[in-house]
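Engineer: The following file, final-v1.pdb, comprises PDB, C-alpha atoms, pLDDT in the B column:
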```pdb
ATOM      1  CA  MET A   1    -122.501-157.038  -6.802  1.00 93.00           C
ATOM      2  CA  GLU A   2    -122.821-160.831  -6.738  1.00 95.00           C
ATOM      3  CA  ILE A   3    -120.084-163.244  -5.675  1.00 96.00           C
ATOM      4  CA  ASN A   4    -120.285-167.028  -6.047  1.00 98.00           C
ATOM      5  CA  CYS A   5    -119.099-169.075  -3.073  1.00 98.00           C
ATOM      6  CA  GLN A   6    -118.344-172.728  -3.766  1.00 98.00           C
ATOM      7  CA  LEU A   7    -118.172-174.865  -0.645  1.00 98.00           C
ATOM      8  CA  PHE A   8    -116.461-178.228  -0.190  1.00 97.00           C
ATOM      9  CA  GLY A   9    -116.313-180.933   2.479  1.00 95.00           C
ATOM     10  CA  PRO A  10    -117.767-180.077   5.888  1.00 94.00           C
ATOM     11  CA  LEU A  11    -118.455-176.492   4.777  1.00 96.00           C
ATOM     12  CA  ARG A  12    -120.762-177.799   2.067  1.00 96.00           C
ATOM     13  CA  GLU A  13    -122.430-180.132   4.558  1.00 95.00           C
ATOM     14  CA  THR A  14    -123.014-177.223   6.955  1.00 94.00           C
ATOM     15  CA  VAL A  15    -124.723-175.090   4.294  1.00 95.00           C
ATOM     16  CA  GLY A  16    -126.456-177.938   2.480  1.00 95.00           C
ATOM     17  CA  GLU A  17    -125.490-176.831  -1.021  1.00 95.00           C
ATOM     18  CA  LYS A  18    -122.339-176.516  -3.101  1.00 97.00           C
ATOM     19  CA  THR A  19    -122.747-172.983  -4.453  1.00 97.00           C
ATOM     20  CA  VAL A  20    -124.155-169.950  -2.674  1.00 97.00           C
ATOM     21  CA  VAL A  21    -124.514-166.510  -4.260  1.00 97.00           C
ATOM     22  CA  VAL A  22    -123.607-163.659  -1.918  1.00 96.00           C
ATOM     23  CA  GLU A  23    -125.001-160.199  -2.661  1.00 94.00           C
ATOM     24  CA  LEU A  24    -122.730-157.312  -1.665  1.00 93.00           C
ATOM     25  CA  GLY A  25    -123.453-153.607  -1.824  1.00 84.00           C
ATOM     26  CA  GLY A  26    -121.170-151.140  -3.529  1.00 72.00           C
ATOM     27  CA  GLU A  27    -119.203-151.110  -6.718  1.00 68.00           C
ATOM     28  CA  THR A  28    -116.729-153.614  -8.086  1.00 70.00           C
ATOM     29  CA  GLY A  29    -113.535-153.461  -6.033  1.00 69.00           C
ATOM     30  CA  ASP A  30    -115.236-151.974  -2.942  1.00 84.00           C
ATOM     31  CA  ALA A  31    -115.927-155.268  -1.153  1.00 93.00           C
ATOM     32  CA  THR A  32    -113.358-157.682   0.257  1.00 95.00           C
ATOM     33  CA  VAL A  33    -113.119-161.432   0.746  1.00 97.00           C
ATOM     34  CA  ALA A  34    -113.611-161.005   4.508  1.00 96.00           C
ATOM     35  CA  GLU A  35    -116.762-158.925   3.965  1.00 96.00           C
ATOM     36  CA  ALA A  36    -118.223-161.488   1.555  1.00 96.00           C
ATOM     37  CA  LEU A  37    -117.567-164.309   4.003  1.00 96.00           C
ATOM     38  CA  GLY A  38    -119.075-162.215   6.803  1.00 96.00           C
ATOM     39  CA  VAL A  39    -122.293-161.938   4.768  1.00 96.00           C
ATOM     40  CA  LEU A  40    -122.178-165.683   4.104  1.00 96.00           C
ATOM     41  CA  CYS A  41    -121.885-166.303   7.866  1.00 96.00           C
ATOM     42  CA  GLU A  42    -124.873-164.027   8.542  1.00 96.00           C
ATOM     43  CA  ARG A  43    -126.942-166.346   6.341  1.00 95.00           C
ATOM     44  CA  HIS A  44    -125.314-169.524   7.676  1.00 96.00           C
ATOM     45  CA  PRO A  45    -124.189-168.827  11.277  1.00 96.00           C
ATOM     46  CA  ASP A  46    -122.740-172.323  11.749  1.00 94.00           C
ATOM     47  CA  LEU A  47    -119.977-171.406   9.287  1.00 94.00           C
ATOM     48  CA  GLU A  48    -118.568-168.615  11.428  1.00 94.00           C
ATOM     49  CA  GLU A  49    -116.527-170.840  13.745  1.00 93.00           C
ATOM     50  CA  ARG A  50    -115.022-172.580  10.698  1.00 92.00           C
ATOM     51  CA  LEU A  51    -114.203-169.414   8.736  1.00 94.00           C
ATOM     52  CA  PHE A  52    -113.198-166.890  11.405  1.00 95.00           C
ATOM     53  CA  GLU A  53    -110.936-166.755  14.441  1.00 93.00           C
ATOM     54  CA  GLY A  54    -112.226-163.632  16.161  1.00 90.00           C
ATOM     55  CA  ASP A  55    -112.220-160.902  13.506  1.00 88.00           C
ATOM     56  CA  GLU A  56    -109.662-162.660  11.287  1.00 91.00           C
ATOM     57  CA  LEU A  57    -110.152-165.340   8.649  1.00 92.00           C
ATOM     58  CA  ALA A  58    -109.151-168.790   9.900  1.00 92.00           C
ATOM     59  CA  PHE A  59    -106.619-169.657   7.209  1.00 91.00           C
ATOM     60  CA  SER A  60    -105.384-172.586   9.319  1.00 89.00           C
ATOM     61  CA  SER A  61    -108.755-174.337   8.981  1.00 90.00           C
ATOM     62  CA  VAL A  62    -109.956-173.253   5.532  1.00 94.00           C
ATOM     63  CA  THR A  63    -108.357-172.747   2.125  1.00 95.00           C
ATOM     64  CA  ILE A  64    -109.846-169.772   0.281  1.00 97.00           C
ATOM     65  CA  THR A  65    -109.236-169.050  -3.384  1.00 97.00           C
ATOM     66  CA  ARG A  66    -110.554-166.247  -5.566  1.00 98.00           C
ATOM     67  CA  ASN A  67    -110.869-167.242  -9.205  1.00 98.00           C
ATOM     68  CA  GLY A  68    -108.305-170.013  -8.662  1.00 96.00           C
ATOM     69  CA  THR A  69    -105.690-167.978  -6.752  1.00 97.00           C
ATOM     70  CA  HIS A  70    -105.172-168.514  -3.025  1.00 95.00           C
ATOM     71  CA  VAL A  71    -106.126-165.228  -1.363  1.00 96.00           C
ATOM     72  CA  MET A  72    -102.975-165.422   0.790  1.00 93.00           C
ATOM     73  CA  GLN A  73    -101.041-164.812  -2.444  1.00 95.00           C
ATOM     74  CA  GLU A  74    -103.049-161.612  -2.825  1.00 95.00           C
ATOM     75  CA  GLU A  75    -104.083-159.528   0.190  1.00 96.00           C
ATOM     76  CA  GLY A  76    -105.673-162.193   2.394  1.00 94.00           C
ATOM     77  CA  GLY A  77    -109.057-161.169   3.772  1.00 95.00           C
ATOM     78  CA  GLU A  78    -108.566-157.677   2.349  1.00 95.00           C
ATOM     79  CA  THR A  79    -108.423-158.970  -1.239  1.00 96.00           C
ATOM     80  CA  ALA A  80    -110.796-156.842  -3.329  1.00 95.00           C
ATOM     81  CA  LEU A  81    -113.637-158.558  -5.168  1.00 95.00           C
ATOM     82  CA  ASP A  82    -115.124-157.949  -8.600  1.00 94.00           C
ATOM     83  CA  GLU A  83    -118.610-158.716  -9.869  1.00 94.00           C
ATOM     84  CA  GLY A  84    -118.926-162.433 -10.634  1.00 94.00           C
ATOM     85  CA  ASP A  85    -115.810-163.551  -8.747  1.00 97.00           C
ATOM     86  CA  THR A  86    -115.831-167.088  -7.413  1.00 98.00           C
ATOM     87  CA  LEU A  87    -114.586-167.860  -3.925  1.00 98.00           C
ATOM     88  CA  ARG A  88    -113.818-171.527  -3.247  1.00 98.00           C
ATOM     89  CA  LEU A  89    -113.795-172.601   0.385  1.00 98.00           C
ATOM     90  CA  ALA A  90    -112.345-175.980   1.272  1.00 96.00           C
ATOM     91  CA  PRO A  91    -110.651-177.715   4.172  1.00 90.00           C
ATOM     92  CA  PRO A  92    -106.861-177.389   3.897  1.00 82.00           C
ATOM     93  CA  VAL A  93    -105.060-180.201   2.116  1.00 72.00           C
ATOM     94  CA  VAL A  94    -102.618-181.947   4.417  1.00 65.00           C
ATOM     95  CA  GLY A  95    -100.641-185.125   4.510  1.00 59.00           C
ATOM     96  CA  GLY A  96     -98.730-187.006   1.911  1.00 60.00           C
ATOM     97  CA  SER A  97     -95.881-189.421   2.073  1.00 61.00           C
ATOM     98  CA  GLY A  98     -92.320-188.452   2.238  1.00 59.00           C
TER      99      GLY A  98
END
```
Any chance you could give the structure as structure tokens?
Structural biologist:
Amino acid sequence: MEINCQLFGPLRETVGEKTVVVELGGETGDATVAEALGVLCERHPDLEERLFEGDELAFSSVTITRNGTHVMQEEGGETALDEGDTLRLAPPVVGGSG
């Protein structure tokens, strides 16, 4: 199963490209967001400190969406993936004026 990972900001700079295809074993629905990002970190070890805090995804330092929906609105790192899903990884948006 192939998943597309789109990277933005410093994540993109770390990898050196905007889109990376991650190959996962198993059938559709067997793999999770956390597993896909673990494979991405195996290929690009410098991402690990930005994406993970220990064994957990670092949601305080990265915004992760699957097909346009924030994974925290689904099952977080345990969100199941389907063939061709797109994960977008970006620094969190902060600030604004009140």
Engineer: Can you spell out as a list in words the set of residues that the PyMOL selection byres ((chain A and resi 91) around 9) selects in the structure I just provided?
Structural biologist: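 Against this file, the PyMOL selection byres ((chain A and resi 91) around 9) returns the residues Phe8, Gly9, Pro10, Leu11, Ser60, Ser61, Val62, Thr63, Ile64, Leu89, Ala90, Pro92 and Val93 of chain A.
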Engineer: Compare A:Ala58, A:Leu24, A:Ala36, A:Met1 by their minimum atom-to-atom distance to Thr79 of chain A, counting all atoms listed in the file, and give me the closest one.
Structural biologist: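 Among the listed residues, A:Ala36 lies closest to Thr79 of chain A.
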Engineer: Could you please give me, as a PyMOL selection string, the residues of protein, DNA or RNA lying at most 8 Å from (-121.7, -171.5, 4.2) in the coordinate frame of the file, considering only C-alpha atoms?
Structural biologist: chain A and resi 7+11-12+14-15+20+40-41+43-47
Engineer: In Å, with one decimal, what is the gap from atom CA of Glu23 of chain A to atom CA of Ile3 of chain A?
Structural biologist: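 Computing it gives 6.5 Å between the two atoms.
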Engineer: Could you tell me which residues the PyMOL selection byres ((chain A and resi 68-72) around 12) grabs in this file, written as a ChimeraX atom specification?
Structural biologist: /A:6,32-34,57-60,62-67,73-81,85-90,92
Engineer: Output C-alpha atoms of each residue in that selection to a file, as a PDB file, keeping the file's coordinate frame.
Structural biologist:
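Final output, saved to part.pdb:
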```pdb
ATOM      1  CA  GLN A   6    -118.344-172.728  -3.766  1.00 98.00           C
ATOM      2  CA  THR A  32    -113.358-157.682   0.257  1.00 95.00           C
ATOM      3  CA  VAL A  33    -113.119-161.432   0.746  1.00 97.00           C
ATOM      4  CA  ALA A  34    -113.611-161.005   4.508  1.00 96.00           C
ATOM      5  CA  LEU A  57    -110.152-165.340   8.649  1.00 92.00           C
ATOM      6  CA  ALA A  58    -109.151-168.790   9.900  1.00 92.00           C
ATOM      7  CA  PHE A  59    -106.619-169.657   7.209  1.00 91.00           C
ATOM      8  CA  SER A  60    -105.384-172.586   9.319  1.00 89.00           C
ATOM      9  CA  VAL A  62    -109.956-173.253   5.532  1.00 94.00           C
ATOM     10  CA  THR A  63    -108.357-172.747   2.125  1.00 95.00           C
ATOM     11  CA  ILE A  64    -109.846-169.772   0.281  1.00 97.00           C
ATOM     12  CA  THR A  65    -109.236-169.050  -3.384  1.00 97.00           C
ATOM     13  CA  ARG A  66    -110.554-166.247  -5.566  1.00 98.00           C
ATOM     14  CA  ASN A  67    -110.869-167.242  -9.205  1.00 98.00           C
ATOM     15  CA  GLN A  73    -101.041-164.812  -2.444  1.00 95.00           C
ATOM     16  CA  GLU A  74    -103.049-161.612  -2.825  1.00 95.00           C
ATOM     17  CA  GLU A  75    -104.083-159.528   0.190  1.00 96.00           C
ATOM     18  CA  GLY A  76    -105.673-162.193   2.394  1.00 94.00           C
ATOM     19  CA  GLY A  77    -109.057-161.169   3.772  1.00 95.00           C
ATOM     20  CA  GLU A  78    -108.566-157.677   2.349  1.00 95.00           C
ATOM     21  CA  THR A  79    -108.423-158.970  -1.239  1.00 96.00           C
ATOM     22  CA  ALA A  80    -110.796-156.842  -3.329  1.00 95.00           C
ATOM     23  CA  LEU A  81    -113.637-158.558  -5.168  1.00 95.00           C
ATOM     24  CA  ASP A  85    -115.810-163.551  -8.747  1.00 97.00           C
ATOM     25  CA  THR A  86    -115.831-167.088  -7.413  1.00 98.00           C
ATOM     26  CA  LEU A  87    -114.586-167.860  -3.925  1.00 98.00           C
ATOM     27  CA  ARG A  88    -113.818-171.527  -3.247  1.00 98.00           C
ATOM     28  CA  LEU A  89    -113.795-172.601   0.385  1.00 98.00           C
ATOM     29  CA  ALA A  90    -112.345-175.980   1.272  1.00 96.00           C
ATOM     30  CA  PRO A  92    -106.861-177.389   3.897  1.00 82.00           C
TER      31      PRO A  92
END
```
Engineer: What does the distance from atom CA of Asn4 of chain A to atom CA of Val39 of chain A come to in Å, to one decimal?
Structural biologist: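 Atom-to-atom, atom CA of Asn4 of chain A to atom CA of Val39 of chain A, that is 12.1 Å.
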Engineer: So how far away is atom CA of Glu42 of chain A from atom CA of Glu2 of chain A, in Å?
Structural biologist: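 Straight-line distance from atom CA of Glu2 of chain A to atom CA of Glu42 of chain A works out to 15.7 Å.
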Engineer: Do you know which residues the PyMOL selection byres ((chain A and resi 55) around 12) returns on this file, as a list of chain:residue names?
Structural biologist: A:Ala34, A:Glu35, A:Leu37, A:Gly38, A:Glu48, A:Glu49, A:Leu51, A:Phe52, A:Glu53, A:Gly54, A:Glu56, A:Leu57, A:Ala58, A:Gly77
Engineer: Generate the output file for the selected residues, C-alpha atoms, as a JSON list (two decimals), in the coordinates of the input.
Structural biologist:
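Now in out.json:
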```json
[["chain", "number", "residue", "atom", "x", "y", "z"],
["A", 34, "ALA", "CA", -113.61, -161.00, 4.51],
["A", 35, "GLU", "CA", -116.76, -158.93, 3.96],
["A", 37, "LEU", "CA", -117.57, -164.31, 4.00],
["A", 38, "GLY", "CA", -119.08, -162.22, 6.80],
["A", 48, "GLU", "CA", -118.57, -168.62, 11.43],
["A", 49, "GLU", "CA", -116.53, -170.84, 13.74],
["A", 51, "LEU", "CA", -114.20, -169.41, 8.74],
["A", 52, "PHE", "CA", -113.20, -166.89, 11.40],
["A", 53, "GLU", "CA", -110.94, -166.76, 14.44],
["A", 54, "GLY", "CA", -112.23, -163.63, 16.16],
["A", 56, "GLU", "CA", -109.66, -162.66, 11.29],
["A", 57, "LEU", "CA", -110.15, -165.34, 8.65],
["A", 58, "ALA", "CA", -109.15, -168.79, 9.90],
["A", 77, "GLY", "CA", -109.06, -161.17, 3.77]]
```
